[in-house]
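With mmCIF, C-alpha atoms and all ligand atoms inside, this is structure_2.cif:
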data_final
loop_
_atom_site.label_atom_id
_atom_site.label_comp_id
_atom_site.auth_asym_id
_atom_site.auth_seq_id
_atom_site.Cartn_x
_atom_site.Cartn_y
_atom_site.Cartn_z
CA MET A 1 106.82 105.53 109.01
CA ASP A 2 104.99 107.41 106.23
CA ASP A 3 104.67 104.29 104.17
CA ILE A 4 101.42 102.46 104.33
CA VAL A 5 101.83 98.71 104.15
CA LEU A 6 98.80 96.64 103.22
CA SER A 7 98.09 93.03 102.50
CA GLY A 8 95.03 90.91 101.98
CA ILE A 9 94.79 87.48 103.53
CA ARG A 10 92.90 84.72 101.78
CA SER A 11 89.96 83.76 103.94
CA THR A 12 89.98 80.12 103.00
CA GLY A 13 92.03 77.46 104.65
CA LYS A 14 93.94 77.05 107.83
CA LEU A 15 97.50 78.29 108.14
CA HIS A 16 100.26 75.80 107.55
CA LEU A 17 103.89 75.95 108.54
CA GLY A 18 104.84 77.39 105.14
CA ASN A 19 102.38 80.29 105.55
CA TYR A 20 103.64 80.99 109.03
CA LEU A 21 107.35 80.90 108.22
CA GLY A 22 106.76 82.81 104.99
CA ALA A 23 104.54 85.88 104.90
CA LEU A 24 103.07 85.83 108.38
CA LYS A 25 106.30 86.10 110.34
CA ASN A 26 107.09 89.08 108.15
CA PHE A 27 103.73 90.73 108.80
CA VAL A 28 104.33 90.35 112.52
CA ALA A 29 107.72 92.06 112.17
CA MET A 30 106.35 94.82 109.88
CA GLN A 31 103.66 95.95 112.28
CA HIS A 32 106.42 97.33 114.50
CA GLU A 33 108.03 99.33 111.72
CA HIS A 34 105.23 100.62 109.50
CA ARG A 35 101.62 101.71 109.44
CA CYS A 36 100.05 98.39 108.49
CA TYR A 37 96.67 97.32 107.24
CA PHE A 38 95.94 93.61 107.10
CA PHE A 39 92.53 92.33 106.16
CA ILE A 40 90.78 89.06 105.55
CA ALA A 41 89.67 89.06 101.93
CA ASP A 42 86.21 87.60 102.35
CA TYR A 43 84.60 89.48 99.43
CA HIS A 44 87.16 87.87 97.15
CA SER A 45 86.23 84.43 98.44
CA LEU A 46 82.68 84.78 97.06
CA THR A 47 83.90 83.96 93.56
CA THR A 48 83.73 80.29 94.61
CA HIS A 49 80.26 80.56 96.22
CA PRO A 50 80.94 79.31 99.78
CA ASN A 51 77.89 78.55 101.89
CA PRO A 52 77.14 81.14 104.61
CA ALA A 53 78.14 78.94 107.55
CA ASP A 54 81.45 77.95 105.95
CA LEU A 55 82.20 81.54 104.96
CA HIS A 56 81.66 82.75 108.50
CA SER A 57 83.62 79.97 110.16
CA SER A 58 86.61 80.33 107.87
CA VAL A 59 86.85 84.08 108.43
CA ARG A 60 86.68 83.48 112.16
CA GLN A 61 89.35 80.79 111.99
CA VAL A 62 91.72 82.92 109.90
CA LEU A 63 91.28 85.89 112.23
CA ALA A 64 92.02 83.71 115.27
CA GLU A 65 95.09 82.20 113.61
CA TYR A 66 96.59 85.55 112.65
CA LEU A 67 96.02 86.87 116.15
CA ALA A 68 97.54 83.73 117.65
CA ALA A 69 100.58 84.05 115.39
CA GLY A 70 101.26 87.54 116.66
CA LEU A 71 99.36 90.22 114.75
CA ASP A 72 98.50 92.85 117.33
CA PRO A 73 95.26 94.74 116.72
CA ASP A 74 96.63 97.71 118.67
CA ARG A 75 99.68 97.93 116.43
CA CYS A 76 98.16 97.31 113.02
CA THR A 77 94.72 97.72 111.52
CA LEU A 78 93.43 94.19 111.28
CA TYR A 79 90.00 93.97 109.72
CA VAL A 80 87.55 91.91 107.76
CA GLN A 81 87.19 93.25 104.20
CA SER A 82 83.38 93.02 104.17
CA ASP A 83 83.24 95.25 107.28
CA VAL A 84 84.49 98.06 105.06
CA PRO A 85 81.85 98.49 102.33
CA GLU A 86 83.63 101.65 101.11
CA THR A 87 85.87 99.12 99.34
CA VAL A 88 82.93 98.12 97.17
CA GLU A 89 82.17 101.67 96.13
CA LEU A 90 85.74 102.20 95.00
CA TYR A 91 85.59 98.83 93.22
CA LEU A 92 82.56 99.98 91.26
CA LEU A 93 84.20 103.26 90.34
CA LEU A 94 87.42 101.57 89.23
CA ASN A 95 85.49 99.03 87.18
CA MET A 96 84.22 101.83 84.94
CA ASN A 97 87.75 102.24 83.65
CA ALA A 98 88.89 98.63 83.75
CA TYR A 99 88.71 97.03 80.34
CA LYS A 100 87.47 93.56 79.54
CA GLY A 101 90.53 92.87 77.38
CA GLU A 102 93.09 93.64 80.07
CA LEU A 103 91.12 91.74 82.71
CA GLU A 104 90.87 88.71 80.45
CA ARG A 105 94.61 88.74 79.84
CA CYS A 106 95.31 88.37 83.55
CA THR A 107 97.11 85.08 84.20
CA SER A 108 95.17 84.27 87.37
CA PHE A 109 91.90 84.74 85.46
CA LYS A 110 93.02 82.49 82.62
CA ASP A 111 94.05 79.82 85.15
CA LYS A 112 90.66 79.94 86.86
CA VAL A 113 88.85 79.72 83.53
CA ARG A 114 90.86 76.63 82.73
CA GLN A 115 90.25 75.07 86.15
CA ASN A 116 86.54 75.93 86.40
CA PRO A 117 85.09 76.58 82.95
CA ASP A 118 81.56 76.44 84.40
CA ASN A 119 82.07 79.29 86.84
CA VAL A 120 83.52 82.18 84.88
CA ASN A 121 81.69 84.91 86.78
CA ALA A 122 82.12 88.69 86.65
CA GLY A 123 83.63 88.68 90.15
CA LEU A 124 86.40 86.45 88.90
CA LEU A 125 87.02 88.68 85.90
CA THR A 126 87.13 91.80 88.09
CA TYR A 127 89.17 90.23 90.89
CA PRO A 128 92.04 92.62 90.03
CA THR A 129 89.82 95.71 90.35
CA LEU A 130 88.64 94.56 93.77
CA MET A 131 92.24 94.03 94.77
CA ALA A 132 93.11 97.50 93.44
CA ALA A 133 90.23 98.92 95.51
CA ASP A 134 91.59 97.15 98.62
CA ILE A 135 94.92 98.84 98.12
CA LEU A 136 93.84 102.26 96.89
CA ILE A 137 91.10 102.69 99.50
CA HIS A 138 93.88 103.31 102.05
CA ARG A 139 96.26 104.73 99.45
CA ALA A 140 98.70 102.05 100.52
CA THR A 141 102.20 102.24 99.06
CA LYS A 142 103.90 99.00 100.00
CA ILE A 143 102.33 95.66 99.32
CA PRO A 144 104.08 92.60 100.74
CA VAL A 145 102.97 89.88 98.37
CA GLY A 146 104.55 86.97 96.59
CA LYS A 147 105.38 86.57 92.93
CA ASP A 148 101.92 85.20 92.11
CA GLN A 149 100.41 88.61 92.90
CA GLU A 150 102.80 90.78 90.90
CA GLN A 151 100.53 91.03 87.89
CA HIS A 152 97.63 92.12 90.10
CA LEU A 153 99.83 94.79 91.59
CA GLU A 154 100.83 95.96 88.14
CA MET A 155 97.14 96.27 87.26
CA THR A 156 96.57 98.30 90.42
CA ARG A 157 99.24 100.72 89.22
CA THR A 158 97.53 100.89 85.82
CA PHE A 159 94.16 101.67 87.40
CA ALA A 160 95.66 104.26 89.75
CA ASN A 161 97.50 106.04 86.95
CA ARG A 162 94.48 105.87 84.69
CA PHE A 163 92.31 107.49 87.35
CA ASN A 164 94.85 110.27 87.83
CA ARG A 165 95.06 110.84 84.08
CA ILE A 166 91.33 110.82 83.41
CA TYR A 167 90.60 113.33 86.15
CA GLY A 168 93.78 115.36 85.78
CA VAL A 169 94.79 114.77 89.38
CA ASP A 170 97.76 113.39 91.22
CA TYR A 171 95.67 111.59 93.78
CA PHE A 172 96.66 107.92 93.90
CA THR A 173 100.27 106.90 94.47
CA GLU A 174 101.58 103.80 92.72
CA PRO A 175 101.79 100.90 95.15
CA LYS A 176 105.00 98.89 95.05
CA ALA A 177 105.75 95.31 95.94
CA PHE A 178 107.39 95.22 99.32
CA ALA A 179 110.32 92.94 99.87
CA PHE A 180 110.14 90.99 103.07
CA THR A 181 112.75 91.99 105.59
CA GLN A 182 113.00 88.56 107.14
CA LYS A 183 114.46 85.95 104.86
CA LEU A 184 111.67 84.35 102.87
CA VAL A 185 111.99 80.63 103.35
CA LYS A 186 110.09 78.49 100.91
CA ILE A 187 108.94 75.56 102.93
CA PRO A 188 108.83 72.38 100.89
CA GLY A 189 106.27 69.65 101.34
CA LEU A 190 107.00 66.38 103.08
CA ASP A 191 106.25 64.32 100.01
CA GLY A 192 109.55 64.68 98.25
CA SER A 193 109.13 67.62 95.92
CA GLY A 194 107.50 70.99 95.51
CA LYS A 195 106.34 73.41 98.18
CA MET A 196 104.09 72.94 101.16
CA GLY A 197 100.51 73.70 100.26
CA LYS A 198 96.96 72.99 101.17
CA SER A 199 96.02 71.79 97.71
CA GLU A 200 99.17 69.69 97.53
CA GLY A 201 97.91 67.77 100.58
CA ASN A 202 101.38 67.77 102.14
CA ALA A 203 101.00 70.47 104.76
CA ILE A 204 101.54 70.64 108.50
CA TYR A 205 98.91 72.94 109.98
CA LEU A 206 99.35 75.18 113.00
CA THR A 207 96.26 73.48 114.39
CA ASP A 208 97.63 69.96 113.97
CA THR A 209 98.02 68.07 117.23
CA PRO A 210 101.53 66.96 118.24
CA GLU A 211 100.54 63.37 117.39
CA ALA A 212 99.36 64.41 113.92
CA ILE A 213 102.58 66.35 113.33
CA ARG A 214 104.74 63.39 114.40
CA LYS A 215 102.80 61.09 112.11
CA LYS A 216 103.15 63.41 109.11
CA VAL A 217 106.86 63.95 109.65
CA MET A 218 107.60 60.26 110.17
CA LYS A 219 105.89 59.53 106.86
CA ALA A 220 108.17 61.89 104.92
CA LEU A 221 109.99 60.27 102.03
CA THR A 222 113.58 59.17 102.75
CA ASP A 223 115.90 56.36 101.61
CA SER A 224 118.55 54.16 103.17
CA GLY A 225 121.06 57.02 103.30
CA PRO A 226 124.15 57.98 101.30
CA THR A 227 126.80 55.38 100.58
CA GLN A 228 129.58 57.84 99.67
CA PRO A 229 130.70 60.70 101.94
CA ASN A 230 129.94 64.35 101.11
CA GLN A 231 127.45 63.65 98.35
CA PRO A 232 124.86 66.21 97.26
CA LYS A 233 121.46 65.53 98.82
CA PRO A 234 118.54 64.32 96.74
CA GLU A 235 115.66 66.81 96.69
CA TYR A 236 113.45 64.92 99.17
CA ILE A 237 116.31 64.81 101.68
CA GLN A 238 117.28 68.43 101.11
CA ASN A 239 113.63 69.30 101.83
CA LEU A 240 113.87 67.77 105.30
CA PHE A 241 117.01 69.80 105.95
CA THR A 242 115.33 72.97 104.66
CA ILE A 243 112.43 72.54 107.05
CA MET A 244 114.87 71.77 109.85
CA GLU A 245 116.83 74.95 109.11
CA ALA A 246 113.62 76.93 109.52
CA VAL A 247 112.47 75.38 112.80
CA SER A 248 115.47 73.89 114.60
CA PRO A 249 118.56 75.42 116.23
CA PRO A 250 121.63 75.59 113.93
CA ASP A 251 123.50 72.99 116.02
CA THR A 252 120.78 70.47 115.36
CA VAL A 253 120.98 71.03 111.63
CA LYS A 254 124.76 70.78 111.73
CA HIS A 255 124.59 67.55 113.73
CA PHE A 256 122.46 65.81 111.10
CA ASP A 257 124.36 67.39 108.23
CA ASP A 258 127.61 65.96 109.64
CA LEU A 259 125.99 62.55 110.01
CA TYR A 260 124.80 62.77 106.41
CA ASN A 261 128.22 63.69 105.12
CA SER A 262 129.84 60.82 106.99
CA CYS A 263 127.15 58.35 105.80
CA GLN A 264 126.01 57.69 109.38
CA ILE A 265 122.65 59.36 109.21
CA ARG A 266 119.57 57.54 110.48
CA TYR A 267 116.63 59.36 108.98
CA GLY A 268 114.26 58.00 111.63
CA ASN A 269 116.22 59.91 114.29
CA MET A 270 116.34 63.03 112.18
CA LYS A 271 112.59 62.94 111.62
CA LYS A 272 111.91 62.41 115.32
CA GLN A 273 113.98 65.48 116.13
CA LEU A 274 112.35 67.50 113.35
CA ALA A 275 108.87 66.58 114.56
CA GLU A 276 109.71 67.65 118.12
CA ASP A 277 111.08 70.99 116.92
CA ILE A 278 107.97 71.64 114.82
CA VAL A 279 105.77 70.75 117.79
CA ALA A 280 107.76 73.13 120.01
CA LEU A 281 107.16 75.95 117.52
CA THR A 282 103.50 75.31 116.81
CA ALA A 283 102.13 74.03 120.13
CA PRO A 284 101.94 77.45 121.80
CA MET A 285 100.22 78.89 118.74
CA ARG A 286 97.77 76.03 118.65
CA GLU A 287 96.87 76.69 122.28
CA ARG A 288 96.37 80.38 121.56
CA ILE A 289 94.22 79.59 118.51
CA ASP A 290 91.98 77.38 120.66
CA ALA A 291 91.71 80.03 123.37
CA ILE A 292 90.89 82.80 120.88
CA MET A 293 88.36 80.67 119.01
CA ALA A 294 86.57 80.10 122.31
CA ASP A 295 86.48 83.82 123.08
CA THR A 296 83.75 85.24 120.85
CA ASP A 297 83.75 88.55 122.73
CA TYR A 298 87.40 89.06 121.99
CA LEU A 299 87.02 88.22 118.29
CA HIS A 300 84.07 90.56 118.10
CA ARG A 301 86.03 93.38 119.77
CA VAL A 302 89.03 92.89 117.48
CA ALA A 303 86.88 92.95 114.34
CA ALA A 304 84.96 96.03 115.53
CA GLN A 305 88.16 97.87 116.37
CA GLY A 306 89.68 96.99 112.98
CA ALA A 307 86.53 98.00 111.11
CA GLU A 308 86.42 101.34 112.87
CA LYS A 309 90.01 102.21 112.03
CA ALA A 310 89.77 100.91 108.45
CA ARG A 311 86.49 102.70 107.76
CA ALA A 312 87.87 106.02 108.96
CA SER A 313 90.67 105.79 106.41
CA ALA A 314 88.40 104.41 103.67
CA ALA A 315 85.70 107.03 104.17
CA LYS A 316 88.24 109.80 103.70
CA THR A 317 89.41 108.33 100.39
CA ILE A 318 85.86 107.79 99.15
CA ALA A 319 84.85 111.36 100.00
CA GLU A 320 87.83 112.70 98.08
CA VAL A 321 87.29 110.38 95.12
CA ARG A 322 83.61 111.31 94.91
CA GLU A 323 84.52 114.97 94.85
CA ILE A 324 87.13 114.36 92.11
CA ILE A 325 84.70 112.31 90.00
CA GLY A 326 82.01 114.96 90.27
CA PHE A 327 79.60 113.44 92.75
CA ARG A 328 78.99 116.73 94.53
CA PRO A 329 76.25 118.16 96.72
CA MET A 330 73.46 119.86 94.75
N1 LIG B 1 94.96 88.23 95.98
C1 LIG B 1 95.65 88.03 97.23
C2 LIG B 1 95.97 86.51 97.36
O1 LIG B 1 95.37 85.71 96.69
C3 LIG B 1 94.83 88.47 98.41
C4 LIG B 1 94.52 89.92 98.34
C5 LIG B 1 93.30 90.47 98.12
C6 LIG B 1 95.45 90.99 98.45
N2 LIG B 1 93.39 91.84 98.12
C7 LIG B 1 94.70 92.18 98.32
C8 LIG B 1 96.83 91.05 98.67
C9 LIG B 1 95.31 93.43 98.38
C10 LIG B 1 97.45 92.29 98.71
C11 LIG B 1 96.68 93.48 98.58
O2 LIG B 1 96.82 86.16 98.14
#

Would it be possible to restate this file's structure as structure tokens?
Amino acid sequence: MDDIVLSGIRSTGKLHLGNYLGALKNFVAMQHEHRCYFFIADYHSLTTHPNPADLHSSVRQVLAEYLAAGLDPDRCTLYVQSDVPETVELYLLLNMNAYKGELERCTSFKDKVRQNPDNVNAGLLTYPTLMAADILIHRATKIPVGKDQEQHLEMTRTFANRFNRIYGVDYFTEPKAFAFTQKLVKIPGLDGSGKMGKSEGNAIYLTDTPEAIRKKVMKALTDSGPTQPNQPKPEYIQNLFTIMEAVSPPDTVKHFDDLYNSCQIRYGNMKKQLAEDIVALTAPMRERIDAIMADTDYLHRVAAQGAEKARASAAKTIAEVREIIGFRPM
């Protein structure tokens, strides 16, 4: 229980089934076993210059969706990053010892430069220092993130160790990647290959209506079925089974697997069943999202409660860091 678990949540985009069955289900489980901080990374989102109304509505949406999916503000500290400006002070302090060369070598930075050569701003370059500040502000030790964030985590360790070395202290602990306890299922898209993603345009959202879900599932790529028994499944068929394994009871999966192996499968029936099982999983969440979105008082209370808890922890770190650095009363 000593470990402090922390993760940032991208503030853009609605949650899809892959997000829910991946990280989010794990966050929900972790809040019962660890001291957890989860925050919506809205400072980070400024690198792409969202307009104020969009910024606000996406943060609100993400907060509502995480609450609807089961994060409990009494069990974890759930906050909006920009409600904790202490983060920014630590970011500034860390930036003094973050070098242009190492920031430029970061893979995520190089990708962004390639994608948007006209918007290579300093916030993008220093994204890893802001992320390090997010983590070190609570002196978090376990960071449940995917492979794409490993380099950022490594940089956080570099900055933490560098701070300790420069000031001759043993203040920051190295944060470690935290393996998910629940099996991490990679949810594929419905378009035959690859994973489910917003940018891939193949996602089923928690806010999709049952009709929209049925339509998307029925459109998934299939073929006329195997002609030989017990053949390996082509990727686009395996994908349907993978999604089914994540949302349907094992008997259902076995039923269609048996039909596949005996060349009797009718993919239309399988997709109908899959759609109904996805609807059964997401419909209650969708109702809760709607109810929470309509309850501004509740959202306000949750954010205020999260900010209060997060700021208490952050203020303590900042006071100690200031003292270490030499910002002392005259
Ligand atoms: N960079 C993370 C992402 O893109 C989000 C994030 C921001 C984060 N700050 C963090 C994750 C701190 C873990 C810890 O998904």

Problem set entry | Non-local contacts of range 288-294 of chain A (7 Å; all atoms listed in the file; under 3 positions in same chain excluded) as a PyMOL selection string | chain A and resi 64-65+68+284-285

Exercise. When you draw a straight line from CA of Met96 in chain A to CA of Asp3 in chain A, how long is it in Å?
Worked result: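 Atom-to-atom, CA of Met96 in chain A and CA of Asp3 in chain A are spaced 28.2 Å apart.
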
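In this structure, CA of Met218 in chain A sits 7.2 Å away from CA of Gly268 in chain A.
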
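Residue nearest ligand LIG 1 (chain B) within the list A:Ala314, A:Ile9, A:Leu24, A:Leu206: A:Ile9 [criterion: smallest interatomic distance, all atoms listed in the file].
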
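The interatomic distance for the pair CA of Asn230 in chain A and CA of Ser248 in chain A works out to 22.0 Å.
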
Problem set entry | Sphere at (135.3, 62.4, 105.2), radius 12 Å, counting only C-alpha atoms: residues as a list in words | Thr227, Gln228, Pro229, Asn230, Gln231, Asp258, Leu259, Tyr260, Asn261, Ser262, Cys263 and Gln264 of chain A
